[in-house]
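Shown next: input.txt, given as compact mmCIF, C-alpha atoms.
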```
# COMPACT_ATOMS: atom_id res chain seq x y z
CA MET A 1 0.00 0.00 0.00
CA SER A 2 1.45 3.37 -0.96
CA ALA A 3 1.30 6.39 1.31
CA ASN A 4 -1.31 7.97 -0.96
CA ASP A 5 -3.56 4.92 -0.68
CA ARG A 6 -3.57 4.80 3.09
CA PRO A 7 -6.67 6.13 4.89
CA THR A 8 -6.44 9.37 6.82
CA GLY A 9 -5.93 9.25 10.57
CA GLN A 10 -9.63 9.76 11.26
CA GLN A 11 -10.69 7.15 8.69
CA GLN A 12 -8.13 4.69 10.03
CA THR A 13 -9.29 5.17 13.63
CA SER A 14 -12.89 4.53 12.59
CA THR A 15 -11.92 1.41 10.60
CA VAL A 16 -9.83 0.00 13.44
CA ALA A 17 -12.69 0.58 15.89
CA GLU A 18 -14.88 -1.65 13.73
CA SER A 19 -12.36 -4.51 13.74
CA ALA A 20 -13.50 -7.90 14.98
CA PHE A 21 -10.92 -7.78 17.76
CA LEU A 22 -12.09 -4.50 19.28
CA LYS A 23 -15.75 -5.43 18.81
CA ALA A 24 -15.17 -8.65 20.75
CA CYS A 25 -13.36 -6.73 23.50
CA ARG A 26 -16.42 -4.45 23.72
CA ARG A 27 -18.72 -7.51 23.75
CA GLU A 28 -20.37 -6.50 20.48
CA PRO A 29 -21.44 -8.82 17.63
CA VAL A 30 -18.50 -9.87 15.42
CA PRO A 31 -18.25 -11.22 11.86
CA HIS A 32 -16.00 -14.03 13.17
CA THR A 33 -14.16 -14.85 16.37
CA PRO A 34 -10.98 -12.75 16.31
CA VAL A 35 -7.60 -14.39 16.86
CA TRP A 36 -4.18 -13.24 17.99
CA PHE A 37 -1.42 -15.05 19.87
CA MET A 38 0.75 -14.03 22.77
CA ARG A 39 4.39 -14.14 21.62
CA GLN A 40 3.18 -14.31 18.02
CA ALA A 41 6.08 -12.03 17.06
CA GLY A 42 9.05 -14.07 18.13
CA ARG A 43 11.16 -17.16 18.11
CA SER A 44 8.77 -19.42 16.21
CA LEU A 45 9.22 -17.34 13.04
CA PRO A 46 12.29 -17.85 10.83
CA GLU A 47 12.00 -14.28 9.58
CA TYR A 48 12.20 -13.09 13.18
CA LEU A 49 15.33 -15.12 13.86
CA LYS A 50 16.91 -13.72 10.71
CA VAL A 51 16.23 -10.06 11.50
CA ARG A 52 17.26 -10.47 15.17
CA GLU A 53 20.49 -12.34 14.41
CA GLY A 54 23.33 -10.97 16.52
CA ILE A 55 21.17 -8.27 18.15
CA PRO A 56 20.49 -8.54 21.92
CA MET A 57 16.83 -8.58 22.94
CA LEU A 58 16.74 -5.24 24.72
CA ASP A 59 18.63 -3.56 21.90
CA SER A 60 15.99 -4.89 19.51
CA CYS A 61 13.25 -3.34 21.62
CA MET A 62 14.94 0.06 21.37
CA ARG A 63 15.13 0.16 17.56
CA PRO A 64 11.86 1.37 15.97
CA ASP A 65 12.80 -0.14 12.60
CA LEU A 66 13.21 -3.60 14.12
CA VAL A 67 10.18 -3.25 16.40
CA THR A 68 8.03 -2.29 13.43
CA GLU A 69 9.26 -5.15 11.23
CA ILE A 70 8.99 -7.80 13.94
CA THR A 71 5.52 -6.68 15.04
CA LEU A 72 4.27 -6.86 11.45
CA GLN A 73 5.70 -10.30 10.68
CA PRO A 74 2.93 -12.44 12.24
CA VAL A 75 0.23 -10.16 10.80
CA ARG A 76 1.58 -10.77 7.31
CA ARG A 77 2.14 -14.50 7.83
CA HIS A 78 -0.83 -15.60 9.96
CA ARG A 79 -3.44 -12.91 9.16
CA VAL A 80 -4.23 -12.50 12.84
CA ASP A 81 -6.84 -9.93 13.87
CA ALA A 82 -4.50 -7.83 16.01
CA ALA A 83 -0.81 -7.03 16.30
CA ILE A 84 0.96 -6.77 19.61
CA LEU A 85 3.91 -4.45 20.07
CA PHE A 86 7.26 -6.24 20.08
CA SER A 87 8.84 -5.32 23.38
CA ASP A 88 9.52 -6.80 26.82
CA ILE A 89 7.98 -6.20 30.21
CA VAL A 90 11.31 -5.02 31.67
CA VAL A 91 11.78 -2.24 29.08
CA PRO A 92 10.43 0.53 31.37
CA LEU A 93 12.65 -0.70 34.22
CA ARG A 94 15.72 -0.53 32.00
CA ALA A 95 14.56 2.90 30.79
CA ILE A 96 14.59 4.36 34.31
CA GLY A 97 18.10 3.09 34.98
CA ILE A 98 17.69 -0.34 36.56
CA ASP A 99 20.78 -2.40 35.74
CA LEU A 100 19.33 -5.48 34.06
CA ASP A 101 19.77 -7.70 31.05
CA ILE A 102 17.80 -10.44 29.32
CA LYS A 103 20.03 -13.50 29.26
CA PRO A 104 19.23 -16.10 26.58
CA GLY A 105 17.70 -19.20 28.10
CA VAL A 106 17.26 -17.49 31.47
CA GLY A 107 15.24 -14.30 31.13
CA PRO A 108 15.56 -10.91 32.84
CA VAL A 109 18.40 -10.76 35.36
CA ILE A 110 18.70 -7.82 37.78
CA ALA A 111 22.24 -6.85 38.81
CA GLU A 112 21.21 -5.47 42.21
CA PRO A 113 17.88 -6.82 43.49
CA ILE A 114 15.56 -4.53 45.41
CA ARG A 115 15.33 -5.77 48.98
CA THR A 116 15.31 -2.67 51.26
CA ARG A 117 13.49 0.63 51.57
CA ALA A 118 16.60 2.47 50.40
CA ASP A 119 16.48 0.43 47.19
CA LEU A 120 13.11 1.99 46.30
CA GLN A 121 14.89 5.23 45.46
CA ARG A 122 16.14 3.56 42.28
CA LEU A 123 12.57 3.38 40.98
CA ARG A 124 12.13 6.92 39.68
CA PRO A 125 9.07 7.94 37.60
CA LEU A 126 9.06 7.05 33.91
CA GLU A 127 9.26 10.09 31.63
CA PRO A 128 8.23 10.20 27.94
CA ASP A 129 11.81 10.84 26.81
CA ASP A 130 12.91 7.63 28.54
CA VAL A 131 11.06 5.50 25.99
CA ARG A 132 10.78 7.73 22.94
CA TYR A 133 11.72 4.72 20.82
CA VAL A 134 8.51 3.02 21.98
CA THR A 135 6.25 5.90 20.96
CA GLU A 136 8.09 6.14 17.63
CA SER A 137 7.55 2.43 17.08
CA VAL A 138 3.84 2.63 17.91
CA GLY A 139 3.35 5.59 15.60
CA ALA A 140 5.10 3.81 12.72
CA LEU A 141 3.09 0.65 13.29
CA VAL A 142 -0.27 2.41 13.35
CA GLY A 143 0.56 3.83 9.95
CA GLU A 144 1.55 0.42 8.56
CA LEU A 145 -1.22 -1.70 10.10
CA GLY A 146 -4.16 0.14 8.56
CA ALA A 147 -7.36 -1.49 9.83
CA THR A 148 -5.53 -3.98 12.09
CA PRO A 149 -5.50 -2.90 15.76
CA LEU A 150 -2.25 -2.63 17.70
CA ILE A 151 -2.11 -3.93 21.26
CA GLY A 152 0.27 -2.22 23.66
CA PHE A 153 1.40 -4.00 26.79
CA ALA A 154 3.23 -3.83 30.08
CA GLY A 155 4.19 -6.07 32.96
CA ALA A 156 1.92 -5.95 35.99
CA PRO A 157 3.26 -4.62 39.30
CA PHE A 158 3.45 -8.05 40.97
CA THR A 159 5.42 -9.69 38.18
CA LEU A 160 7.80 -6.74 37.84
CA ALA A 161 8.27 -6.70 41.61
CA SER A 162 9.04 -10.40 41.61
CA TYR A 163 11.81 -9.96 39.03
CA LEU A 164 13.22 -7.00 40.95
CA VAL A 165 13.16 -8.68 44.36
CA GLU A 166 14.30 -12.13 43.25
CA GLY A 167 16.94 -10.79 40.85
CA GLY A 168 15.54 -12.88 38.01
CA PRO A 169 13.03 -15.65 37.27
CA SER A 170 12.05 -17.71 40.29
CA ARG A 171 10.19 -20.96 40.79
CA ASN A 172 9.11 -20.33 44.39
CA HIS A 173 9.27 -16.50 44.70
CA GLU A 174 10.75 -16.90 48.16
CA HIS A 175 12.27 -13.42 48.46
CA THR A 176 9.13 -11.86 47.01
CA LYS A 177 6.83 -13.59 49.47
CA ALA A 178 9.20 -12.94 52.34
CA MET A 179 8.90 -9.21 51.68
CA MET A 180 5.17 -9.36 51.04
CA TYR A 181 4.47 -11.19 54.32
CA GLY A 182 7.36 -9.88 56.43
CA ASP A 183 7.36 -6.18 55.50
CA PRO A 184 3.93 -5.48 54.01
CA GLN A 185 4.43 -1.71 53.99
CA LEU A 186 7.65 -1.94 52.00
CA TRP A 187 5.91 -4.34 49.61
CA ALA A 188 2.95 -2.00 49.22
CA ASP A 189 5.23 0.93 48.49
CA LEU A 190 7.18 -1.13 45.94
CA VAL A 191 4.16 -2.27 43.92
CA ASP A 192 2.62 1.20 44.17
CA ARG A 193 5.71 2.74 42.54
CA LEU A 194 5.64 0.04 39.90
CA ALA A 195 1.95 0.76 39.27
CA ASP A 196 2.83 4.38 38.49
CA ILE A 197 5.62 3.33 36.13
CA THR A 198 3.38 0.78 34.40
CA ALA A 199 0.50 3.22 34.04
CA ALA A 200 2.83 5.80 32.51
CA PHE A 201 4.23 3.21 30.08
CA LEU A 202 0.75 2.13 28.95
CA THR A 203 -0.46 5.72 28.67
CA LEU A 204 2.41 6.57 26.33
CA GLN A 205 1.53 3.64 24.10
CA ILE A 206 -2.16 4.56 24.02
CA GLU A 207 -1.45 8.20 23.25
CA ALA A 208 0.88 7.11 20.42
CA GLY A 209 -1.95 5.09 18.86
CA ALA A 210 -2.33 1.68 20.51
CA SER A 211 -5.95 0.51 20.24
CA ALA A 212 -5.90 -1.80 23.29
CA VAL A 213 -3.48 -2.73 26.05
CA GLN A 214 -2.68 -5.93 27.92
CA LEU A 215 -1.31 -6.15 31.43
CA PHE A 216 0.81 -9.30 31.80
CA ASP A 217 0.92 -10.73 35.32
CA SER A 218 2.94 -13.79 34.41
CA TRP A 219 3.79 -14.93 37.95
CA VAL A 220 0.70 -13.94 39.93
CA GLY A 221 -0.69 -17.48 39.79
CA ALA A 222 1.78 -18.26 42.58
CA LEU A 223 -0.52 -16.46 45.05
CA ALA A 224 -3.62 -17.48 46.98
CA PRO A 225 -6.75 -15.36 46.43
CA ALA A 226 -6.54 -13.67 49.84
CA ASP A 227 -2.94 -12.62 49.18
CA TYR A 228 -3.87 -11.34 45.74
CA ARG A 229 -6.72 -9.25 47.10
CA ARG A 230 -4.67 -7.77 49.91
CA SER A 231 -1.21 -7.40 48.39
CA VAL A 232 -1.60 -7.19 44.60
CA MET A 233 -5.04 -6.08 43.52
CA PRO A 234 -4.69 -2.45 44.75
CA ALA A 235 -1.64 -1.90 42.52
CA SER A 236 -3.19 -3.59 39.48
CA ALA A 237 -6.40 -1.62 40.00
CA LYS A 238 -4.36 1.59 40.15
CA VAL A 239 -2.94 0.82 36.70
CA PHE A 240 -6.34 0.11 35.18
CA ASP A 241 -7.88 3.19 36.81
CA ALA A 242 -5.08 5.40 35.48
CA ILE A 243 -5.79 4.45 31.86
CA ALA A 244 -9.57 4.09 32.07
CA GLY A 245 -10.21 7.55 30.65
CA HIS A 246 -8.56 6.67 27.34
CA GLY A 247 -11.44 4.39 26.41
CA VAL A 248 -9.36 1.53 24.99
CA PRO A 249 -9.98 -2.09 26.01
CA ARG A 250 -7.86 -3.20 28.95
CA ILE A 251 -6.87 -6.88 29.02
CA HIS A 252 -5.56 -8.64 32.12
CA PHE A 253 -3.69 -11.92 31.76
CA GLY A 254 -1.85 -14.26 34.09
CA VAL A 255 -0.75 -17.90 34.13
CA GLY A 256 -2.17 -20.41 36.60
CA THR A 257 -4.81 -17.91 37.69
CA GLY A 258 -7.92 -20.11 37.71
CA GLU A 259 -8.56 -19.31 41.38
CA LEU A 260 -7.94 -15.59 40.78
CA LEU A 261 -10.15 -14.97 37.74
CA GLY A 262 -12.91 -13.18 39.63
CA LEU A 263 -10.45 -10.93 41.43
CA MET A 264 -8.60 -10.16 38.19
CA GLY A 265 -11.89 -9.00 36.73
CA GLU A 266 -12.56 -6.93 39.83
CA ALA A 267 -9.21 -5.19 39.38
CA GLY A 268 -10.66 -3.28 36.45
CA ALA A 269 -9.97 -5.14 33.20
CA ASP A 270 -12.48 -5.12 30.34
CA VAL A 271 -11.15 -8.46 29.08
CA VAL A 272 -9.81 -11.25 31.27
CA GLY A 273 -7.28 -13.65 29.78
CA VAL A 274 -7.72 -17.33 30.66
CA ASP A 275 -5.03 -19.99 30.49
CA TRP A 276 -5.86 -23.55 29.38
CA ARG A 277 -6.57 -24.99 32.83
CA VAL A 278 -10.14 -23.68 33.16
CA PRO A 279 -12.83 -24.15 30.47
CA LEU A 280 -14.08 -20.82 29.14
CA ASP A 281 -17.66 -21.34 30.23
CA GLU A 282 -16.48 -22.01 33.79
CA ALA A 283 -14.08 -19.07 33.55
CA ALA A 284 -17.01 -16.83 32.57
CA ARG A 285 -18.89 -17.96 35.68
CA ARG A 286 -15.89 -17.17 37.88
CA VAL A 287 -15.18 -13.78 36.27
CA GLY A 288 -18.80 -12.70 36.39
CA PRO A 289 -20.85 -10.55 34.01
CA GLY A 290 -19.67 -7.52 32.12
CA LYS A 291 -16.29 -8.84 30.95
CA ALA A 292 -15.09 -10.33 27.68
CA LEU A 293 -12.76 -13.34 27.85
CA GLN A 294 -9.58 -14.15 25.96
CA GLY A 295 -8.03 -17.60 25.45
CA ASN A 296 -7.53 -20.46 25.95
CA LEU A 297 -5.96 -23.24 23.83
CA ASP A 298 -3.02 -25.03 25.44
CA PRO A 299 0.06 -23.97 23.40
CA ALA A 300 1.39 -27.53 23.48
CA VAL A 301 -1.65 -28.71 21.50
CA LEU A 302 -0.08 -27.15 18.41
CA PHE A 303 2.50 -29.95 18.30
CA ALA A 304 -0.29 -32.47 17.64
CA PRO A 305 -1.57 -33.37 14.16
CA ARG A 306 -3.84 -30.87 12.43
CA GLU A 307 -7.03 -32.82 13.16
CA ALA A 308 -6.24 -32.89 16.88
CA VAL A 309 -5.47 -29.17 16.94
CA GLU A 310 -8.78 -28.39 15.25
CA ALA A 311 -10.67 -30.69 17.64
CA LYS A 312 -9.20 -28.94 20.67
CA ALA A 313 -9.80 -25.51 19.13
CA ARG A 314 -13.40 -26.50 18.51
CA GLU A 315 -13.74 -27.35 22.22
CA VAL A 316 -12.59 -23.83 23.10
CA LEU A 317 -15.00 -22.26 20.61
CA THR A 318 -17.88 -24.41 21.87
CA ALA A 319 -17.22 -23.39 25.47
CA ALA A 320 -17.19 -19.75 24.33
CA ARG A 321 -20.27 -20.04 22.14
CA ASP A 322 -22.64 -18.21 24.48
CA LEU A 323 -20.17 -15.61 25.70
CA PRO A 324 -20.95 -12.01 24.71
CA GLY A 325 -17.27 -11.37 23.92
CA HIS A 326 -14.48 -13.83 23.12
CA VAL A 327 -11.02 -13.33 21.63
CA PHE A 328 -9.39 -16.62 20.63
CA ASN A 329 -5.83 -16.98 21.88
CA LEU A 330 -3.52 -19.51 23.41
CA GLY A 331 -3.54 -20.01 27.16
CA HIS A 332 0.02 -18.65 27.20
CA GLY A 333 2.66 -17.65 24.66
CA VAL A 334 3.64 -19.35 21.41
CA LEU A 335 6.38 -21.88 22.15
CA PRO A 336 9.64 -21.31 20.24
CA SER A 337 9.67 -24.67 18.44
CA ILE A 338 6.08 -24.56 17.18
CA ASP A 339 5.71 -24.86 13.40
CA PRO A 340 4.53 -21.43 12.21
CA ASP A 341 2.29 -23.10 9.65
CA ALA A 342 0.30 -24.65 12.49
CA LEU A 343 -0.52 -21.14 13.72
CA THR A 344 -1.54 -20.00 10.24
CA ARG A 345 -3.83 -23.01 9.86
CA LEU A 346 -5.33 -22.38 13.30
CA VAL A 347 -6.20 -18.77 12.45
CA GLU A 348 -7.90 -19.90 9.24
CA PHE A 349 -9.79 -22.63 11.10
CA VAL A 350 -11.11 -20.26 13.76
CA HIS A 351 -12.13 -17.67 11.16
CA THR A 352 -13.92 -20.10 8.85
CA SER A 353 -15.63 -22.12 11.60
CA THR A 354 -17.03 -19.01 13.32
CA GLN A 355 -18.05 -17.00 10.25
CA ARG A 356 -21.32 -15.26 11.06
```

Once you've parsed the file, please lay out its structure as C-alpha cells.
Amino acid sequence: MSANDRPTGQQQTSTVAESAFLKACRREPVPHTPVWFMRQAGRSLPEYLKVREGIPMLDSCMRPDLVTEITLQPVRRHRVDAAILFSDIVVPLRAIGIDLDIKPGVGPVIAEPIRTRADLQRLRPLEPDDVRYVTESVGALVGELGATPLIGFAGAPFTLASYLVEGGPSRNHEHTKAMMYGDPQLWADLVDRLADITAAFLTLQIEAGASAVQLFDSWVGALAPADYRRSVMPASAKVFDAIAGHGVPRIHFGVGTGELLGLMGEAGADVVGVDWRVPLDEAARRVGPGKALQGNLDPAVLFAPREAVEAKAREVLTAARDLPGHVFNLGHGVLPSIDPDALTRLVEFVHTSTQR
C-alpha cells in the first residue's frame, strides 16, 4: 500500500474501531471470532530469527525499525486480527536506569535486586523521553497496520516486583513472598511505585496510537486469592484506573490464575485472559458478568496433528459459544519450536468455523 492509498488518521481510527478484535473486546457482535497469539512475534518465526540475528533482545526493543518489522511479521504471515507491540515487560525498568539484562535461556536478570526501603529510590518515575523509541515504534506501526489494531502492553506490578526482588526468574518466589508477608508496607510501596511506572508506560503507548493494552501478570498465579486481594489487587487496579479515561480495552492476563479470575476481573480489566486450565464457560462464571474473555488453547496442543489441533480448538469455541465477547488466543505464549504453519492453519480454522 502506498502512502497515498492509506486512509487518513480519522478514517483509520474509525476502521480499526470496527475490527473484529475490538468489537469482541467491547462484547459487540462480530463477523467471526478474532484471533491473535501471545508471543506471536518471536522465536517461532524464521523471519524473526533472521532479522534479530546478533542483536540482543533489549537492543531490539529500542530500535523502531526492528520493532516495526517484527511486530508486522505475524500479521503478514498468519493474518491475525491484532498485532501486539514487540517489546519486553522489563523495558520501562531498564529505561529508568535499573541495571538489568535479558540473558538467553534465562530471562531478565537484575544486577542489584531490590530488597530494602533504600532500594526503592532507584525506581524513579518514567518520563516520555525515557522510551521515545517506543512511541516512535507505535506511531510507525499504526501507519503500517491500517485497519488492524495494535495492542500495547506492560508487565503488571506483581510480576515486575518479583523480578526486581528475586533478581531474576524464580520458581518459588521466596524473596518476594518474604517481603510481602514480612514487610507489608515496603511491599505495598514497591508495587505502588511500579503501578505508576506501568500506568505511565501504557499511557504513552495509548497516546501514540495503541488501540488496546494488555497487562501481563505472568507470575501472579503463585498467590492465593486472599494474598492477591490484599497485596496485589490495589496496585493492578491503580494501573487500570489510570488508563480508564482513554477508552481503549484493557486486558488482564496471568498464568495459573484459575482461582484468581474473579479478582482479576474486579481489578478493572475489560477483558480477562484465561489460560488452558479452566474451560471458558467455567471461567465466565468465575469472572462474572460484564467482561469479555480471551483464550484459551493449550500452546502444546499445536505440536499435535492438524485434526487434533482443530478438535481442541473447537472445544474452546464451543465453550465460548454463548459468551458475549471472546477473543481466541492460546492459554500462554507461542512456544519457540512450534511450526509457524500450524498457527496460520489455526487462524484460518477459527475464522472459517465461526463465520457469522

Atom-to-atom span, atom CA of Asp65 of chain A and atom CA of Thr198 of chain A, Å: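 The value is 23.8 Å.
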
Between atom CA of Ile102 of chain A and atom CA of Leu164 of chain A, what is the distance, to one decimal in Å?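 If I compute the distance from atom CA of Ile102 of chain A to atom CA of Leu164 of chain A, I get 13.0 Å.
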
Using all atoms listed in the file, which protein or nucleic acid residues come within 12 Å of His326 of chain A? Drop anything in the same chain fewer than 6 positions from it, and give the result as a ChimeraX atom specification. /A:20-30,32-36,251,270-274,280-281,283-284,291-296,316-320,350,354

Please provide as a PDB file with C-alpha atoms, in the frame of the given file all residues within 6 Å of segment 211-226 of chain A, with the sequence filter that same-chain residues fewer than 4 positions apart are discarded (counting all atoms listed in the file).
```pdb
ATOM      1  CA  PRO A 149      -5.500  -2.900  15.760  1.00  0.00           C
ATOM      2  CA  LEU A 150      -2.250  -2.630  17.700  1.00  0.00           C
ATOM      3  CA  ILE A 151      -2.110  -3.930  21.260  1.00  0.00           C
ATOM      4  CA  GLY A 152       0.270  -2.220  23.660  1.00  0.00           C
ATOM      5  CA  PHE A 153       1.400  -4.000  26.790  1.00  0.00           C
ATOM      6  CA  ALA A 154       3.230  -3.830  30.080  1.00  0.00           C
ATOM      7  CA  GLY A 155       4.190  -6.070  32.960  1.00  0.00           C
ATOM      8  CA  ALA A 156       1.920  -5.950  35.990  1.00  0.00           C
ATOM      9  CA  THR A 159       5.420  -9.690  38.180  1.00  0.00           C
ATOM     10  CA  VAL A 248      -9.360   1.530  24.990  1.00  0.00           C
ATOM     11  CA  PRO A 249      -9.980  -2.090  26.010  1.00  0.00           C
ATOM     12  CA  ARG A 250      -7.860  -3.200  28.950  1.00  0.00           C
ATOM     13  CA  ILE A 251      -6.870  -6.880  29.020  1.00  0.00           C
ATOM     14  CA  HIS A 252      -5.560  -8.640  32.120  1.00  0.00           C
ATOM     15  CA  PHE A 253      -3.690 -11.920  31.760  1.00  0.00           C
ATOM     16  CA  GLY A 254      -1.850 -14.260  34.090  1.00  0.00           C
ATOM     17  CA  VAL A 255      -0.750 -17.900  34.130  1.00  0.00           C
ATOM     18  CA  GLY A 256      -2.170 -20.410  36.600  1.00  0.00           C
ATOM     19  CA  THR A 257      -4.810 -17.910  37.690  1.00  0.00           C
ATOM     20  CA  LEU A 260      -7.940 -15.590  40.780  1.00  0.00           C
TER      21      LEU A 260
END
```

Residues within 9 Å of segment 83-95 of chain A, please, as an mmCIF file with C-alpha atoms, in the coordinates of the input. Count only C-alpha atoms; anything in the same chain fewer than 4 positions from it doesn't count.
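Output file part.cif is given in full below:
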```cif
data_model
loop_
_atom_site.group_PDB
_atom_site.id
_atom_site.type_symbol
_atom_site.label_atom_id
_atom_site.label_comp_id
_atom_site.auth_asym_id
_atom_site.auth_seq_id
_atom_site.Cartn_x
_atom_site.Cartn_y
_atom_site.Cartn_z
ATOM 1 C CA TRP A 36 -4.180 -13.240 17.990
ATOM 2 C CA PHE A 37 -1.420 -15.050 19.870
ATOM 3 C CA MET A 38 0.750 -14.030 22.770
ATOM 4 C CA ARG A 39 4.390 -14.140 21.620
ATOM 5 C CA GLN A 40 3.180 -14.310 18.020
ATOM 6 C CA ALA A 41 6.080 -12.030 17.060
ATOM 7 C CA GLY A 42 9.050 -14.070 18.130
ATOM 8 C CA MET A 57 16.830 -8.580 22.940
ATOM 9 C CA LEU A 58 16.740 -5.240 24.720
ATOM 10 C CA SER A 60 15.990 -4.890 19.510
ATOM 11 C CA CYS A 61 13.250 -3.340 21.620
ATOM 12 C CA MET A 62 14.940 0.060 21.370
ATOM 13 C CA LEU A 66 13.210 -3.600 14.120
ATOM 14 C CA VAL A 67 10.180 -3.250 16.400
ATOM 15 C CA THR A 68 8.030 -2.290 13.430
ATOM 16 C CA ILE A 70 8.990 -7.800 13.940
ATOM 17 C CA THR A 71 5.520 -6.680 15.040
ATOM 18 C CA LEU A 72 4.270 -6.860 11.450
ATOM 19 C CA PRO A 74 2.930 -12.440 12.240
ATOM 20 C CA VAL A 75 0.230 -10.160 10.800
ATOM 21 C CA ASP A 99 20.780 -2.400 35.740
ATOM 22 C CA LEU A 100 19.330 -5.480 34.060
ATOM 23 C CA ASP A 101 19.770 -7.700 31.050
ATOM 24 C CA ILE A 102 17.800 -10.440 29.320
ATOM 25 C CA PRO A 108 15.560 -10.910 32.840
ATOM 26 C CA LEU A 123 12.570 3.380 40.980
ATOM 27 C CA LEU A 126 9.060 7.050 33.910
ATOM 28 C CA GLU A 127 9.260 10.090 31.630
ATOM 29 C CA ASP A 130 12.910 7.630 28.540
ATOM 30 C CA VAL A 131 11.060 5.500 25.990
ATOM 31 C CA VAL A 134 8.510 3.020 21.980
ATOM 32 C CA SER A 137 7.550 2.430 17.080
ATOM 33 C CA VAL A 138 3.840 2.630 17.910
ATOM 34 C CA LEU A 141 3.090 0.650 13.290
ATOM 35 C CA LEU A 145 -1.220 -1.700 10.100
ATOM 36 C CA THR A 148 -5.530 -3.980 12.090
ATOM 37 C CA PRO A 149 -5.500 -2.900 15.760
ATOM 38 C CA LEU A 150 -2.250 -2.630 17.700
ATOM 39 C CA ILE A 151 -2.110 -3.930 21.260
ATOM 40 C CA GLY A 152 0.270 -2.220 23.660
ATOM 41 C CA PHE A 153 1.400 -4.000 26.790
ATOM 42 C CA ALA A 154 3.230 -3.830 30.080
ATOM 43 C CA GLY A 155 4.190 -6.070 32.960
ATOM 44 C CA ALA A 156 1.920 -5.950 35.990
ATOM 45 C CA LEU A 160 7.800 -6.740 37.840
ATOM 46 C CA TYR A 163 11.810 -9.960 39.030
ATOM 47 C CA ILE A 197 5.620 3.330 36.130
ATOM 48 C CA THR A 198 3.380 0.780 34.400
ATOM 49 C CA PHE A 201 4.230 3.210 30.080
ATOM 50 C CA ALA A 210 -2.330 1.680 20.510
ATOM 51 C CA VAL A 213 -3.480 -2.730 26.050
ATOM 52 C CA PHE A 216 0.810 -9.300 31.800
#
```

Record the distance separating atom CA of Ala208 of chain A and atom CA of Val142 of chain A, expressed in Å with one decimal. 8.6 Å

Restricting the calculation to only C-alpha atoms: of A:Pro113, A:Pro104, A:Pro56, A:Pro234, which residue gets closest to His175 of chain A? A:Pro113

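Compared by their closest atoms to Gln121 of chain A, and using only C-alpha atoms, the residues A:Ile338, A:Val80, A:Ile98, A:Ala308 rank with A:Ile98 nearest.
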
Selected residue, from A:Val287, A:Ala188, A:Val239, A:Ala313, that lies nearest to Glu348 of chain A when counting only C-alpha atoms: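 Ranked by minimum distance to Glu348 of chain A, first place goes to A:Ala313.
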